[in-house]
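Chemist: My structure file model_10.cif, mmCIF, C-alpha atoms, is below:
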```
data_work
#
loop_
_atom_site.label_atom_id
_atom_site.label_comp_id
_atom_site.auth_asym_id
_atom_site.auth_seq_id
_atom_site.Cartn_x
_atom_site.Cartn_y
_atom_site.Cartn_z
CA MET P 27 -7.19 105.21 185.66
CA ILE P 28 -6.05 108.42 187.23
CA GLN P 29 -9.31 110.26 186.60
CA LEU P 30 -11.16 107.76 188.79
CA GLN P 31 -9.03 108.27 191.88
CA GLU P 32 -10.28 110.28 194.81
CA LYS P 33 -8.80 113.74 194.42
CA ASN P 34 -7.65 114.02 198.03
CA THR P 35 -5.63 110.78 197.78
CA CYS P 36 -4.27 111.09 194.24
CA PRO P 37 -0.47 111.58 194.37
CA ASP P 38 -0.61 113.52 191.11
CA LYS P 39 -2.49 116.31 192.87
CA ILE P 40 0.94 117.68 193.74
CA SER P 41 3.97 116.47 191.82
CA ILE P 42 7.65 117.30 191.42
CA ALA P 43 8.71 117.98 187.86
CA PRO P 44 11.30 115.93 185.98
CA MET P 45 14.42 118.10 185.89
CA LEU P 46 17.56 117.06 184.05
CA ASP P 47 20.59 116.65 186.35
CA TRP P 48 18.43 117.48 189.39
CA THR P 49 15.71 114.89 190.01
CA ASP P 50 18.03 111.90 190.09
CA ARG P 51 17.61 109.04 192.56
CA HIS P 52 19.72 110.78 195.22
CA PHE P 53 17.60 113.92 195.26
CA ARG P 54 14.38 111.91 195.20
CA TYR P 55 15.52 109.85 198.21
CA PHE P 56 16.43 113.04 200.05
CA LEU P 57 13.15 114.78 199.20
CA ARG P 58 11.12 111.82 200.43
CA LEU P 59 12.38 112.61 203.94
CA ILE P 60 10.56 115.94 203.60
CA CYS P 61 7.35 114.88 201.83
CA ARG P 62 5.86 111.43 201.38
CA LYS P 63 2.78 111.90 199.24
CA PRO P 64 3.48 113.90 196.03
CA MET P 65 4.23 112.11 192.80
CA PHE P 66 7.90 112.18 191.80
CA TYR P 67 9.29 111.95 188.26
CA THR P 68 12.65 110.74 187.08
CA GLU P 69 14.91 112.81 184.94
CA MET P 70 14.07 112.37 181.28
CA ILE P 71 15.77 109.27 179.88
CA ALA P 72 16.17 108.86 176.13
CA CYS P 73 14.39 105.80 174.81
CA PRO P 74 17.41 104.50 172.81
CA ALA P 75 19.55 104.70 175.96
CA LEU P 76 17.12 102.44 177.79
CA ILE P 77 17.00 99.91 175.00
CA LEU P 78 20.70 99.86 174.13
CA GLY P 79 22.32 100.85 177.44
CA ASP P 80 22.51 99.62 181.01
CA ARG P 81 18.81 99.59 181.79
CA HIS P 82 19.27 98.49 185.40
CA LYS P 83 21.58 101.41 186.11
CA LEU P 84 19.12 103.79 184.45
CA LEU P 85 15.92 102.38 185.96
CA ASP P 86 16.85 101.16 189.42
CA TYR P 87 15.61 103.20 192.38
CA HIS P 88 15.00 102.88 196.11
CA PRO P 89 11.46 101.85 197.14
CA THR P 90 11.35 104.93 199.37
CA GLU P 91 11.12 107.09 196.24
CA ASN P 92 7.62 105.84 195.39
CA PRO P 93 5.20 106.99 194.08
CA LEU P 94 7.42 107.49 191.06
CA ILE P 95 6.90 107.91 187.31
CA LEU P 96 9.49 107.33 184.61
CA GLN P 97 9.83 110.08 182.00
CA VAL P 98 11.15 109.02 178.61
CA GLY P 99 12.02 110.81 175.39
CA GLY P 100 11.42 109.23 172.03
CA SER P 101 9.23 109.18 168.95
CA ASP P 102 9.28 105.60 167.68
CA PRO P 103 6.10 103.86 168.90
CA LYS P 104 7.59 100.36 168.99
CA MET P 105 10.66 101.47 170.92
CA MET P 106 8.57 103.56 173.29
CA ALA P 107 6.36 100.53 173.94
CA LEU P 108 9.45 98.56 174.96
CA CYS P 109 10.37 101.35 177.38
CA ALA P 110 6.86 101.23 178.82
CA GLN P 111 7.26 97.51 179.44
CA MET P 112 10.53 98.16 181.26
CA ALA P 113 8.88 100.82 183.42
CA GLU P 114 6.13 98.40 184.38
CA GLU P 115 8.59 95.60 185.12
CA TYR P 116 10.57 97.91 187.43
CA GLY P 117 7.46 98.92 189.36
CA TYR P 118 7.02 102.50 188.23
CA GLN P 119 3.53 103.92 188.76
CA GLY P 120 3.41 105.25 185.22
CA ILE P 121 5.42 106.35 182.21
CA ASN P 122 5.49 109.90 180.87
CA ILE P 123 6.32 111.07 177.35
CA ASN P 124 8.45 114.21 177.10
CA ALA P 125 6.81 116.39 174.44
CA GLY P 126 7.74 119.77 175.84
CA CYS P 127 11.48 120.24 176.42
CA PRO P 128 12.87 122.79 173.92
CA SER P 129 16.53 121.85 174.41
CA SER P 130 18.56 121.31 171.25
CA ARG P 131 19.84 118.09 172.83
CA VAL P 132 16.39 116.52 172.70
CA GLN P 133 15.53 117.93 169.27
CA ALA P 134 18.39 115.91 167.81
CA GLY P 135 16.71 112.77 169.11
CA ARG P 136 13.31 113.78 167.70
CA PHE P 137 11.63 114.18 171.06
CA GLY P 138 10.74 116.98 173.41
CA ALA P 139 8.99 120.15 172.21
CA ILE P 140 9.53 119.35 168.54
CA LEU P 141 6.87 116.64 168.93
CA MET P 142 4.23 119.35 169.26
CA LYS P 143 4.65 119.78 165.50
CA THR P 144 3.55 116.17 164.98
CA PRO P 145 0.87 115.34 167.55
CA GLU P 146 -0.10 112.28 165.52
CA VAL P 147 3.30 110.78 166.34
CA VAL P 148 2.73 111.36 170.06
CA ALA P 149 -0.71 109.77 169.77
CA ASP P 150 0.78 106.74 168.01
CA CYS P 151 3.30 106.37 170.82
CA VAL P 152 0.58 106.61 173.46
CA ALA P 153 -1.56 104.00 171.73
CA GLU P 154 1.31 101.55 171.24
CA MET P 155 2.54 101.99 174.81
CA GLN P 156 -0.87 101.78 176.44
CA ALA P 157 -1.65 98.60 174.49
CA ARG P 158 1.46 96.99 175.97
CA VAL P 159 1.15 97.93 179.67
CA ARG P 160 -1.40 98.43 182.43
CA ILE P 161 0.31 101.43 184.04
CA PRO P 162 -0.85 104.89 182.84
CA VAL P 163 0.86 106.48 179.87
CA THR P 164 0.90 110.26 180.33
CA VAL P 165 2.24 113.20 178.33
CA LYS P 166 4.06 116.36 179.38
CA THR P 167 3.94 119.18 176.86
CA ARG P 168 3.69 122.94 176.45
CA ILE P 169 0.90 125.10 175.10
CA SER P 170 2.24 125.14 171.54
CA MET P 171 5.18 126.27 169.49
CA SER P 172 5.75 130.03 169.63
CA ASP P 173 5.37 130.50 165.87
CA VAL P 174 1.74 129.39 165.61
CA GLY P 175 0.18 132.80 166.27
CA GLY P 176 -2.32 133.71 168.94
CA ASP P 177 -2.25 132.09 172.37
CA GLY P 178 -1.82 128.55 171.03
CA PHE P 179 -5.06 127.20 172.50
CA GLU P 180 -6.33 125.68 169.25
CA HIS P 181 -3.08 123.77 168.80
CA LEU P 182 -3.15 122.57 172.41
CA PHE P 183 -6.78 121.50 172.02
CA HIS P 184 -5.95 119.50 168.88
CA PHE P 185 -2.90 117.93 170.52
CA THR P 186 -4.94 116.95 173.58
CA GLU P 187 -7.79 115.56 171.51
CA LEU P 188 -5.44 113.22 169.65
CA VAL P 189 -3.54 111.90 172.67
CA VAL P 190 -6.74 111.41 174.68
CA GLN P 191 -8.27 109.41 171.83
CA ALA P 192 -5.09 107.30 171.85
CA GLY P 193 -5.51 106.46 175.56
CA CYS P 194 -3.81 109.24 177.53
CA HIS P 195 -5.93 110.31 180.51
CA HIS P 196 -3.42 112.63 182.18
CA LEU P 197 -1.82 115.61 180.46
CA ILE P 198 0.77 117.86 182.10
CA VAL P 199 1.02 121.30 180.50
CA HIS P 200 3.87 123.72 181.08
CA ALA P 201 1.92 126.95 180.67
CA ARG P 202 4.23 128.50 178.08
CA GLN P 203 4.72 128.21 174.40
CA ALA P 204 8.07 126.84 173.28
CA LYS P 205 10.68 128.22 170.95
CA LEU P 206 13.17 125.80 169.48
CA ASN P 207 16.88 126.60 169.46
CA LEU P 208 16.54 128.50 172.71
CA SER P 209 17.71 126.89 175.93
CA PRO P 210 15.07 125.94 178.54
CA LYS P 211 16.32 128.90 180.60
CA ASP P 212 15.90 131.33 177.70
CA ASN P 213 12.44 129.89 177.04
CA ARG P 214 11.50 130.67 180.65
CA GLN P 215 12.90 134.19 180.47
CA ARG P 216 11.65 135.22 177.03
CA LEU P 217 8.28 133.50 176.69
CA PRO P 218 5.41 134.52 178.99
CA LEU P 219 3.32 132.23 181.12
CA ASN P 220 -0.34 131.84 180.19
CA TYR P 221 -2.13 129.86 182.88
CA ASP P 222 -5.55 130.79 181.47
CA VAL P 223 -4.95 128.63 178.39
CA VAL P 224 -4.45 125.58 180.62
CA TYR P 225 -7.53 126.45 182.65
CA ARG P 226 -9.54 126.62 179.41
CA LEU P 227 -8.17 123.23 178.39
CA LYS P 228 -9.50 121.69 181.60
CA LYS P 229 -12.95 123.13 180.90
CA SER P 230 -12.81 121.61 177.41
CA PHE P 231 -11.72 118.18 178.69
CA PRO P 232 -13.45 117.77 182.08
CA ASP P 233 -12.79 114.00 182.21
CA VAL P 234 -9.05 114.32 181.61
CA PHE P 235 -6.70 114.86 184.56
CA ILE P 236 -4.92 118.13 183.75
CA THR P 237 -1.80 119.16 185.64
CA ILE P 238 -0.37 122.66 185.34
CA ASN P 239 3.34 123.42 185.46
CA GLY P 240 5.42 126.57 185.21
CA ASN P 241 6.84 128.95 187.82
CA ILE P 242 4.81 127.65 190.78
CA LEU P 243 6.77 129.19 193.63
CA SER P 244 4.68 128.50 196.74
CA LEU P 245 2.14 126.08 198.17
CA ASP P 246 -0.37 128.93 198.12
CA ALA P 247 0.15 129.26 194.36
CA ALA P 248 -0.30 125.50 193.93
CA GLU P 249 -3.55 125.64 195.88
CA ASP P 250 -4.82 128.51 193.72
CA HIS P 251 -4.15 126.49 190.58
CA LEU P 252 -6.04 123.52 192.00
CA SER P 253 -9.22 125.54 191.93
CA HIS P 254 -8.94 125.44 188.11
CA VAL P 255 -7.14 122.18 187.28
CA ASP P 256 -6.57 118.76 188.85
CA GLY P 257 -2.86 118.85 189.60
CA ALA P 258 0.00 121.26 190.20
CA MET P 259 3.56 120.32 189.25
CA ILE P 260 6.34 122.13 191.10
CA GLY P 261 9.78 122.43 189.56
CA ARG P 262 12.82 124.61 190.31
CA TRP P 263 11.32 126.03 193.53
CA ALA P 264 11.20 122.54 195.07
CA TYR P 265 14.86 122.02 194.26
CA GLY P 266 16.08 125.36 195.55
CA ASN P 267 13.93 125.37 198.69
CA PRO P 268 13.00 121.74 199.43
CA TYR P 269 12.00 122.27 203.06
CA ALA P 270 9.14 124.48 201.86
CA LEU P 271 7.44 121.18 200.98
CA ALA P 272 7.45 119.99 204.60
CA ASP P 273 3.76 120.86 205.01
CA VAL P 274 2.58 119.53 201.65
CA ASP P 275 1.40 116.14 202.98
CA ARG P 276 -0.85 117.65 205.62
CA ARG P 277 -2.10 120.53 203.50
CA PHE P 278 -2.96 118.66 200.31
CA PHE P 279 -3.33 115.01 201.35
CA GLY P 280 -4.64 115.16 204.91
CA ASP P 281 -1.63 113.24 206.22
CA ASN P 282 -0.74 114.57 209.68
CA HIS P 283 2.43 112.60 210.29
CA PRO P 284 5.08 114.45 212.35
CA ILE P 285 7.18 116.81 210.25
CA LEU P 286 10.93 116.27 210.59
CA SER P 287 13.12 119.22 211.47
CA ARG P 288 16.03 120.05 209.21
CA LYS P 289 18.36 118.43 211.73
CA GLN P 290 16.27 115.26 211.78
CA ILE P 291 16.27 115.16 208.00
CA LEU P 292 20.05 115.36 207.90
CA GLU P 293 20.35 112.70 210.60
CA ALA P 294 18.04 110.41 208.65
CA PHE P 295 19.91 111.07 205.41
CA LEU P 296 23.40 110.61 206.82
CA PRO P 297 23.51 106.78 206.44
CA TYR P 298 22.54 107.14 202.78
CA LEU P 299 25.23 109.76 202.32
CA GLU P 300 27.80 107.49 203.93
CA GLN P 301 26.77 104.57 201.71
CA ASN P 302 27.07 106.75 198.61
CA ALA P 303 30.17 108.74 199.56
CA ASP P 304 31.62 108.27 196.06
CA TYR P 305 28.82 110.50 194.76
CA MET P 306 29.32 113.19 197.38
CA SER P 307 29.81 115.99 194.84
CA ILE P 308 26.51 115.18 193.12
CA ILE P 309 24.50 114.53 196.27
CA GLY P 310 25.89 117.58 198.02
CA THR P 311 24.55 119.84 195.29
CA HIS P 312 21.06 118.45 195.93
CA LEU P 313 21.31 119.27 199.64
CA LEU P 314 22.33 122.93 199.32
CA GLY P 315 18.81 124.36 199.51
CA LEU P 316 17.76 122.67 202.77
CA PHE P 317 18.50 125.77 204.88
CA HIS P 318 17.25 128.25 202.30
CA GLY P 319 16.36 131.52 204.04
CA GLN P 320 17.75 130.41 207.40
CA PRO P 321 20.39 132.39 209.37
CA ASN P 322 22.88 129.51 209.13
CA ALA P 323 22.36 128.90 205.40
CA LYS P 324 25.81 130.18 204.42
CA ALA P 325 27.60 128.09 207.05
CA TYR P 326 25.59 125.05 206.02
CA LYS P 327 26.54 125.45 202.36
CA GLN P 328 30.20 125.68 203.33
CA VAL P 329 29.87 122.45 205.30
CA ILE P 330 28.18 120.61 202.45
CA THR P 331 30.61 121.84 199.82
CA SER P 332 33.51 120.65 201.97
CA ARG P 333 32.47 117.09 201.02
CA ASP P 334 33.90 115.99 204.35
CA LEU P 335 31.66 113.54 206.20
CA SER P 336 33.26 114.28 209.54
CA VAL P 337 32.55 118.01 209.09
CA ILE P 338 28.96 117.24 208.11
CA ARG P 339 28.49 114.97 211.15
CA GLN P 340 29.78 117.67 213.48
CA PHE P 341 27.51 120.28 211.91
CA ILE P 342 24.50 118.02 212.47
CA LYS P 343 25.55 117.37 216.06
CA ASP P 344 25.81 121.08 216.77
CA LEU P 345 22.43 121.95 215.26
CA ASN P 346 19.48 122.87 217.42
CA ASP P 347 16.48 120.55 217.16
CA ASP P 348 14.04 123.21 215.88
#
```
Show how you would write the structure in this file as structure tokens.
Modeler:
Amino acid sequence: MIQLQEKNTCPDKISIAPMLDWTDRHFRYFLRLICRKPMFYTEMIACPALILGDRHKLLDYHPTENPLILQVGGSDPKMMALCAQMAEEYGYQGININAGCPSSRVQAGRFGAILMKTPEVVADCVAEMQARVRIPVTVKTRISMSDVGGDGFEHLFHFTELVVQAGCHHLIVHARQAKLNLSPKDNRQRLPLNYDVVYRLKKSFPDVFITINGNILSLDAAEDHLSHVDGAMIGRWAYGNPYALADVDRRFFGDNHPILSRKQILEAFLPYLEQNADYMSIIGTHLLGLFHGQPNAKAYKQVITSRDLSVIRQFIKDLNDD
């Protein structure tokens, strides 16, 4: 169980959030060249897609991506249990239930933030899934719906109580309320963060591993949160500025392996890029933030968006080693 792991070795201490269209297998492979220790999450995959679709295409990943958790969306306990079995068979370190995304796309499938209205359903899914597998079943949610009044703590407490009783020992809380029929972007812009609610939740459930998520934009901020909760989940900042995570292994996990320079990262990634040249447009987008804040960032982006391997090779060759 996650709550029994030593805190300085637990990969969930720092994690990278599941982000639709961003945290695919290509980005995860790339990011592993920068940081080895944090827990990674897949993009959210709809439960019916796993059961009815090409599960190997959806679930396959490179071993380098580990430790890795599969995030799924669904609300039928039996179907979710089947997805949990698939996750275990494919070697994922856990399976996570999406009960926080406010997108209209997930509402139509009866998962995401709308599940906060029916915490009993989430608890039933947890119980059915955990009975079927040995890997941890975790939940990612938000504080509450925005229409409940107050700061939402009572609703979050009730939600947590039910899923913990069902067998969930790790809860990830995006420290905002959610408003349906607004895009995730509009939810971020219109609804305020309330970290204190998540801190209070940890005090109420000291034996549950609580991870906080929402606008964590530096390693210093992550460290500050860890004085209140067990884990910090980093999202859009990790995607837009991935090299900022280069020191995360040493700082949070005591792993002092040599840190690769940006040039070394590109050199190490080049064979993967060559093997997956058909996906250059997708992979290239994931690489754009590597030189964030550097003097040659604009030139680098032009090279990557050229989608020309020979141009990319020459750029790498011409780079300084620092």
Chemist: Of the residues P:Leu108, P:His52, P:Ile121, P:Arg276, which is the one nearest to Tyr87 (chain P), using all atoms listed in the file?
Modeler: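 Counting all atoms listed in the file, the residue closest to Tyr87 (chain P) is P:His52.
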Chemist: Could you check the closest approach to Asn302 (chain P) for each of P:Leu335, P:His254, P:Ser101, P:Phe179 and tell me which residue wins, using only C-alpha atoms?
Modeler: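 So, comparing all the options, the nearest one is P:Leu335.
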Chemist: Evaluate the PyMOL selection byres ((chain P and resi 156-172) around 7) against this structure - the residues, as a VMD selection string, please.
Modeler: chain P and resid 27 107 110 to 111 114 119 to 126 139 142 152 to 155 173 to 174 178 to 179 181 to 182 193 to 205
Chemist: Written as a PyMOL selection string, which residues does the PyMOL selection byres ((chain P and resi 246) around 12) give for the file shown?
Modeler: chain P and resi 242-245+247-253+258+260+270-271+273-274+277-278
Chemist: Could you pull the residues within 10 Å of Ser332 (chain P), counting only C-alpha atoms, minus those fewer than 5 positions along the same chain, as a list of chain:residue names?
Modeler: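 In the requested form, the answer reads P:Met306, P:Ser307, P:Gly310, P:Tyr326, P:Lys327, P:Val337, P:Ile338.
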Chemist: Pick from P:Ile140, P:Cys127, P:Met65, P:Leu59: nearest to Lys289 (chain P), with only C-alpha atoms counted?
Modeler: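 Looking only at the distances to Lys289 (chain P), the closest residue turns out to be P:Leu59.
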Chemist: The PyMOL selection byres ((chain P and resi 66) around 12) - which residues does that actually catch in the file I just gave you? List them as a PyMOL selection string.
Modeler: chain P and resi 37-45+49-51+53-58+61-65+67-69+87+90-97+118-122+259-261+264
